[in-house]
Amino acid sequence: MDAIEIVFTASLWAAAIRIASPLIFATLGELICERAGVLNLGIEGIMTVGAFTGWFTVYMGGDLWTGVMVAALSGAAFGLLHGLLVVPLGLSQHVTGIGITLLATALTSYVYRVALPEVTSPPKIDPFQPWAVPIFSDIPFLGSALFNQTPLTYLAFVSVALVAYVLYRTPLGLAVRMVGENPAAVEAQGIDVTVLRIGAVMVGSAFMAVGGAFLTMSAFNSFYFDMVNGRGWIAIALVVFGSWRPGKALLGAILFAAFDAYQLRLQQIVAGIPYQFFLMLPYVLSILALITMARRAGYPRALMIPYRKGER
Amino acid sequence: MRLEPRVETPFYLWIAAPIAAIAASLVIAALLVMWAGAEPFAVFGLVAKGALGSQFALLETLTRATPLIFTGLAAAIAFRARLWNIGGEAQLYGGAVLAVLLGTGFLPLPAPVLVPLLFIAGAFAGALLLLGPTMLKTRFGVDEVVTTLLLNFIILLFVSFLLEGPLKDPMGLGWPQSRRVIEAAQLPRIIEGKRLHLGFVIAIAMAAIVWFVNARTTHGYEMRAVGFNPKAARFAGMKVDWVMMKVALFSGGLAAMAGVSEVTGLKGNLTLDLSPGFGYSGIVVAMLAMLHPLGVVAASIFVAAMFVGADAMSRQAGVPNYIAHVMVATALLTMVVGMLFTRFRVHWR
C-alpha cells in the first residue's frame, strides 16, 4: 500500500476519530475556560487526574459510567481550586495553572503508589467496547470510520454540539462569552462575574478530566504515569487553531488526529527516517497551527485579565 | 471579598507570608502522610534527616540543588520580564547535547579552556532554543507558554534520536546513552571522593551575576521595567522587543548550563533521564524565591532537600517519595497566595 492509498482507508479515519476523542474533550474544556476569560494551564495535570480516577473507580468495582462521573467530578474539583486562585484572588493564570498541573500530577502519582503499593505492572480493567450504531454503521466507509466507536467517542461529539448550543443559543452561554470579553458588562447585568467564571472553569476542567479518562477507559485499559504526554498542551494549541469556536475546534482536533494516525502508518512504509521524527510531528504541527492562526486569532478580550469590582 | 492594593508592605509580612505558605503545605502533606498510614512527624523527621542529617546527606542535597539553581535563575529572570519560559527542560537538554558533542574528544583542549568553552557553547544552544519562541511571541503574538512547553517534547524526542543514532555510545551495550566526556571536560569534585562538584560553585556565581545585572545595571532595569509595564517601558524609549530577546538569551542560556553542569560534573554522559524534571522544578524554585536571584539559591536547596530527604524517607517509612513532589507543588501555590497578601490588603465584604 502506498502513501496516498492510506488516506482513503476507513481504518485510518477510524483511528483518527479514536485519537481525536480525548483531544476533543480537552479542547472543549479549555475552550470553555478561555471563553470565560480564564487560561487553564492546569489542563495537563487535570487530564492525568481524570485518567487515574476514572480508571481507579472501575478497578475498585465501579461501573464504567460511574468512572466517567468520578473523573469529571475530580476534574471539577481541581477546576474549583484553579478558579478560586485566579478569579477572586486574581493570581497569575500562568503560574497558577502550571502549579495546578504540577500538583495534580504529583497527587496522582502519590495516590497511585499509596493505593496500589504492591503492583509492579499496572492492573488492567475491562474498558469501553466499540458499539456499532445500528443502521449508520452499515454505511460504507463512513460507517466503519465513524459509527463503530466506543460510547465515549460518541459522547465527545455530542458534547461539542451541546457546548456549541449552550454557548450560542442560551442566555447562560451569552453570559459566559461576555464575561470573557467584557466582565464589567456582565456585572452591569446583575450577574456575578466571580461565580460565572469559576463555574465555567469547573465545567471546563470536568471535560478535560473526561478526556484523560478516555485514555485509560477507552483507548487503553490501564494507567501509566506519563500517559497524557502533552495532549493537554496540544489542546491549548487547538483552541487557538479553532478560533475559540467548538465546531472549528472539533475540526481541528480531527484533522490533527488524522495526521497523527497517518504518520503512524507512514512509519511502517517509509524506511530510513528515525521514528522519533514521526513522533515529533504532532508537537511541531501544533506549533505551526499556532503560528498560522496567531495573527488572525480573535482572543477573548478579557482572557487572562483578572476582574476586580470597581476597577477599570 | 475585595482586594485593596497596599501602599506599603509591613516588614513582618515579608517574613510571615513565606512561613505561612510553607506551613500550609506541610499541613497538607501531613494529612496525606496520615492517609498513607504513617506518622507525619516521624516522616518529616526522616525527610529532614535524609536531607541534612549527615555530611553525606547534606552534600547530596547540594548536588541536587545545583541544576535547580540554574533552572531557577532561568525562570526567575524570564518571569521578571513576563516572558513565560516553561521550556527549561528543553534548554537543559540543549546544553547537555552541546556538552557531549564538543566534550567527548572533538575538542582536545586542556580543562581550563575546555570547561568554560563547554558552558558557553551549551548556553548558546539553550539561548537559541528560547529565542525561537520569543521571536514568535514578539513578531506573531504566539503565546510562548505553549510553544516552550511543546518544545520540551520535541527536544526530548530529538535527544532520544541522537542517543540511538549519531551520539550513541558504541560501547554502551545497546543502551541509549552517549559516550563519556573526556577527562579534561569533567568538572573537579569540591571534596575528594564526594559527588558535589564545581558546578555548584558556578551556579552560585551565576546567581551573584544575575543579582548584579538585575540590581545594578541598565540591562537589569530594562528587563524589570518591561515585565512591570511594557507600555511605560516603550514610552520611556526602551526597545521592548529587543529587551525580550536579551531576557530570552539570558534565561535560555542559564537553563542550558544546568545540562552542561549535570553532564560534566555528575553523570559524565548524556542519557534520557539526565533531568527528572529540573526544568519544571526550576519554575517552583523561582516562585518560592519570589524571583530574587539570591533567593533562588536558598529555594533550590530547600526543594532539593525535599527530594533527597523524601527518597531516603520512602526507603524507611514506606511513604511514596512522590510526597516531595506534592509538597513542592503545594508550596508553589501557597507561596503565590502568600505573596498576594504582601501586595494587597483583604477586605471581607
# chains A, B, ... in the order shown; residues from 1 in each chain; ligands from 1
$ closest_atom_pairs --of "chain A" --to "chain B" --cutoff "9 Å" --atoms "only C-alpha atoms" --output "JSON lines"
{"residue": "A:Leu85", "atom": "CA", "partner": "B:Val337", "partner_atom": "CA", "distance": 7.7}
{"residue": "A:Pro88", "atom": "CA", "partner": "B:Met1", "partner_atom": "CA", "distance": 7.8}
{"residue": "A:Leu89", "atom": "CA", "partner": "B:Leu3", "partner_atom": "CA", "distance": 7.7}
{"residue": "A:Gly90", "atom": "CA", "partner": "B:Leu340", "partner_atom": "CA", "distance": 8.9}
{"residue": "A:Leu91", "atom": "CA", "partner": "B:Val336", "partner_atom": "CA", "distance": 7.3}
{"residue": "A:Ser92", "atom": "CA", "partner": "B:Val336", "partner_atom": "CA", "distance": 8.5}
{"residue": "A:His94", "atom": "CA", "partner": "B:Trp84", "partner_atom": "CA", "distance": 7.7}
{"residue": "A:Val95", "atom": "CA", "partner": "B:Val336", "partner_atom": "CA", "distance": 8.3}
{"residue": "A:Thr96", "atom": "CA", "partner": "B:Leu333", "partner_atom": "CA", "distance": 6.6}
{"residue": "A:Ile98", "atom": "CA", "partner": "B:Ile283", "partner_atom": "CA", "distance": 8.7}
{"residue": "A:Gly99", "atom": "CA", "partner": "B:Ala329", "partner_atom": "CA", "distance": 5.9}
{"residue": "A:Ile100", "atom": "CA", "partner": "B:Ala329", "partner_atom": "CA", "distance": 7.7}
{"residue": "A:Thr101", "atom": "CA", "partner": "B:Ala329", "partner_atom": "CA", "distance": 8.7}
{"residue": "A:Leu102", "atom": "CA", "partner": "B:Ala329", "partner_atom": "CA", "distance": 5.7}
{"residue": "A:Leu103", "atom": "CA", "partner": "B:Ala329", "partner_atom": "CA", "distance": 4.9}
{"residue": "A:Ala104", "atom": "CA", "partner": "B:Val326", "partner_atom": "CA", "distance": 8.3}
{"residue": "A:Thr105", "atom": "CA", "partner": "B:Val326", "partner_atom": "CA", "distance": 8.4}
{"residue": "A:Ala106", "atom": "CA", "partner": "B:Val326", "partner_atom": "CA", "distance": 5.1}
{"residue": "A:Leu107", "atom": "CA", "partner": "B:Val326", "partner_atom": "CA", "distance": 5.8}
{"residue": "A:Ser109", "atom": "CA", "partner": "B:Tyr322", "partner_atom": "CA", "distance": 6.4}
{"residue": "A:Tyr110", "atom": "CA", "partner": "B:Tyr322", "partner_atom": "CA", "distance": 5.2}
{"residue": "A:Val111", "atom": "CA", "partner": "B:Ala36", "partner_atom": "CA", "distance": 8.7}
{"residue": "A:Arg113", "atom": "CA", "partner": "B:Pro320", "partner_atom": "CA", "distance": 6.3}
{"residue": "A:Val114", "atom": "CA", "partner": "B:Ala36", "partner_atom": "CA", "distance": 6.0}
{"residue": "A:Ala115", "atom": "CA", "partner": "B:Ala36", "partner_atom": "CA", "distance": 8.3}
{"residue": "A:Pro117", "atom": "CA", "partner": "B:Pro320", "partner_atom": "CA", "distance": 8.8}
{"residue": "A:Asn229", "atom": "CA", "partner": "B:Phe153", "partner_atom": "CA", "distance": 8.4}
{"residue": "A:Gly230", "atom": "CA", "partner": "B:Leu150", "partner_atom": "CA", "distance": 7.4}
{"residue": "A:Trp233", "atom": "CA", "partner": "B:Val146", "partner_atom": "CA", "distance": 6.2}
{"residue": "A:Ile234", "atom": "CA", "partner": "B:Leu150", "partner_atom": "CA", "distance": 7.7}
{"residue": "A:Ile236", "atom": "CA", "partner": "B:Val146", "partner_atom": "CA", "distance": 7.3}
{"residue": "A:Ala237", "atom": "CA", "partner": "B:Val146", "partner_atom": "CA", "distance": 7.0}
{"residue": "A:Pro274", "atom": "CA", "partner": "B:Phe161", "partner_atom": "CA", "distance": 6.9}
{"residue": "A:Tyr275", "atom": "CA", "partner": "B:Phe161", "partner_atom": "CA", "distance": 8.0}
{"residue": "A:Gln276", "atom": "CA", "partner": "B:Leu157", "partner_atom": "CA", "distance": 5.5}
{"residue": "A:Phe277", "atom": "CA", "partner": "B:Phe158", "partner_atom": "CA", "distance": 7.4}
{"residue": "A:Leu279", "atom": "CA", "partner": "B:Leu157", "partner_atom": "CA", "distance": 7.4}
{"residue": "A:Met280", "atom": "CA", "partner": "B:Ile154", "partner_atom": "CA", "distance": 5.4}
{"residue": "A:Leu281", "atom": "CA", "partner": "B:Ile154", "partner_atom": "CA", "distance": 8.4}
{"residue": "A:Tyr283", "atom": "CA", "partner": "B:Leu150", "partner_atom": "CA", "distance": 5.8}
{"residue": "A:Val284", "atom": "CA", "partner": "B:Ile154", "partner_atom": "CA", "distance": 7.4}
{"residue": "A:Ser286", "atom": "CA", "partner": "B:Leu150", "partner_atom": "CA", "distance": 8.0}
{"residue": "A:Ile287", "atom": "CA", "partner": "B:Thr147", "partner_atom": "CA", "distance": 6.1}
{"residue": "A:Leu290", "atom": "CA", "partner": "B:Val142", "partner_atom": "CA", "distance": 6.4}
{"residue": "A:Ile291", "atom": "CA", "partner": "B:Val142", "partner_atom": "CA", "distance": 6.2}
{"residue": "A:Thr292", "atom": "CA", "partner": "B:Phe140", "partner_atom": "CA", "distance": 8.9}
{"residue": "A:Met293", "atom": "CA", "partner": "B:Val142", "partner_atom": "CA", "distance": 8.7}
{"residue": "A:Ala294", "atom": "CA", "partner": "B:Val142", "partner_atom": "CA", "distance": 5.6}
{"residue": "A:Arg295", "atom": "CA", "partner": "B:Phe140", "partner_atom": "CA", "distance": 6.1}
{"residue": "A:Arg308", "atom": "CA", "partner": "B:Arg2", "partner_atom": "CA", "distance": 7.8}
{"residue": "A:Lys309", "atom": "CA", "partner": "B:Arg2", "partner_atom": "CA", "distance": 7.8}
$ residues_around --residues "Val87 in chain A" --least-positions-apart "6" --cutoff "7 Å" --atoms "only C-alpha atoms" --output "PyMOL selection string"
chain A and resi 194+198+306
$ select_by_dssp --residues "range 11-158 of chain A" --states "alpha helix (DSSP H)" --output "PyMOL selection string"
chain A and resi 11-35+43-59+64-86+93-115+142-146+151-158
$ residues_around --residues "Ala78 in chain B" --least-positions-apart "4" --cutoff "10 Å" --atoms "only C-alpha atoms" --output "list in words"
Gly72, Leu73, Ala74, Arg82, Leu83, Trp84, Asn85, Ile86, Met223, Arg224, Gly227, Met244, Lys246, Val247, Ala248, Leu249, Phe250, Ser251, Gly252, Ala286 and Leu291 of chain B
$ atom_distance --atom1 "CA of Ala184 in chain A" --atom2 "CA of Leu84 in chain A"
19.0 Å
$ decode --residues "range 264-275 of chain A" --atoms "N, CA and C atoms" --output "JSON list (two decimals), in the first residue's frame"
[["chain", "number", "residue", "atom", "x", "y", "z"],
["A", 264, "LEU", "N", 1.58, 7.45, 11.86],
["A", 264, "LEU", "CA", 1.81, 6.12, 12.44],
["A", 264, "LEU", "C", 1.89, 5.06, 11.34],
["A", 265, "ARG", "N", 1.01, 5.21, 10.32],
["A", 265, "ARG", "CA", 1.01, 4.24, 9.22],
["A", 265, "ARG", "C", 2.17, 4.47, 8.28],
["A", 266, "LEU", "N", 2.53, 5.74, 8.12],
["A", 266, "LEU", "CA", 3.63, 6.09, 7.24],
["A", 266, "LEU", "C", 4.95, 5.52, 7.76],
["A", 267, "GLN", "N", 5.07, 5.52, 9.10],
["A", 267, "GLN", "CA", 6.28, 4.98, 9.71],
["A", 267, "GLN", "C", 6.60, 3.58, 9.22],
["A", 268, "GLN", "N", 5.51, 2.80, 8.97],
["A", 268, "GLN", "CA", 5.72, 1.40, 8.61],
["A", 268, "GLN", "C", 6.14, 1.24, 7.15],
["A", 269, "ILE", "N", 5.82, 2.22, 6.30],
["A", 269, "ILE", "CA", 6.18, 2.03, 4.90],
["A", 269, "ILE", "C", 7.36, 2.89, 4.45],
["A", 270, "VAL", "N", 7.65, 3.96, 5.20],
["A", 270, "VAL", "CA", 8.80, 4.77, 4.84],
["A", 270, "VAL", "C", 9.99, 4.31, 5.68],
["A", 271, "ALA", "N", 11.02, 3.82, 5.02],
["A", 271, "ALA", "CA", 12.18, 3.35, 5.75],
["A", 271, "ALA", "C", 13.23, 4.45, 5.82],
["A", 272, "GLY", "N", 14.07, 4.39, 6.82],
["A", 272, "GLY", "CA", 15.22, 5.27, 6.84],
["A", 272, "GLY", "C", 15.05, 6.52, 7.67],
["A", 273, "ILE", "N", 13.81, 6.89, 8.00],
["A", 273, "ILE", "CA", 13.63, 8.06, 8.86],
["A", 273, "ILE", "C", 13.41, 7.57, 10.29],
["A", 274, "PRO", "N", 14.25, 8.02, 11.23],
["A", 274, "PRO", "CA", 14.11, 7.55, 12.61],
["A", 274, "PRO", "C", 12.71, 7.85, 13.15],
["A", 275, "TYR", "N", 12.18, 6.91, 13.96],
["A", 275, "TYR", "CA", 10.79, 7.03, 14.43],
["A", 275, "TYR", "C", 10.56, 8.28, 15.25]]
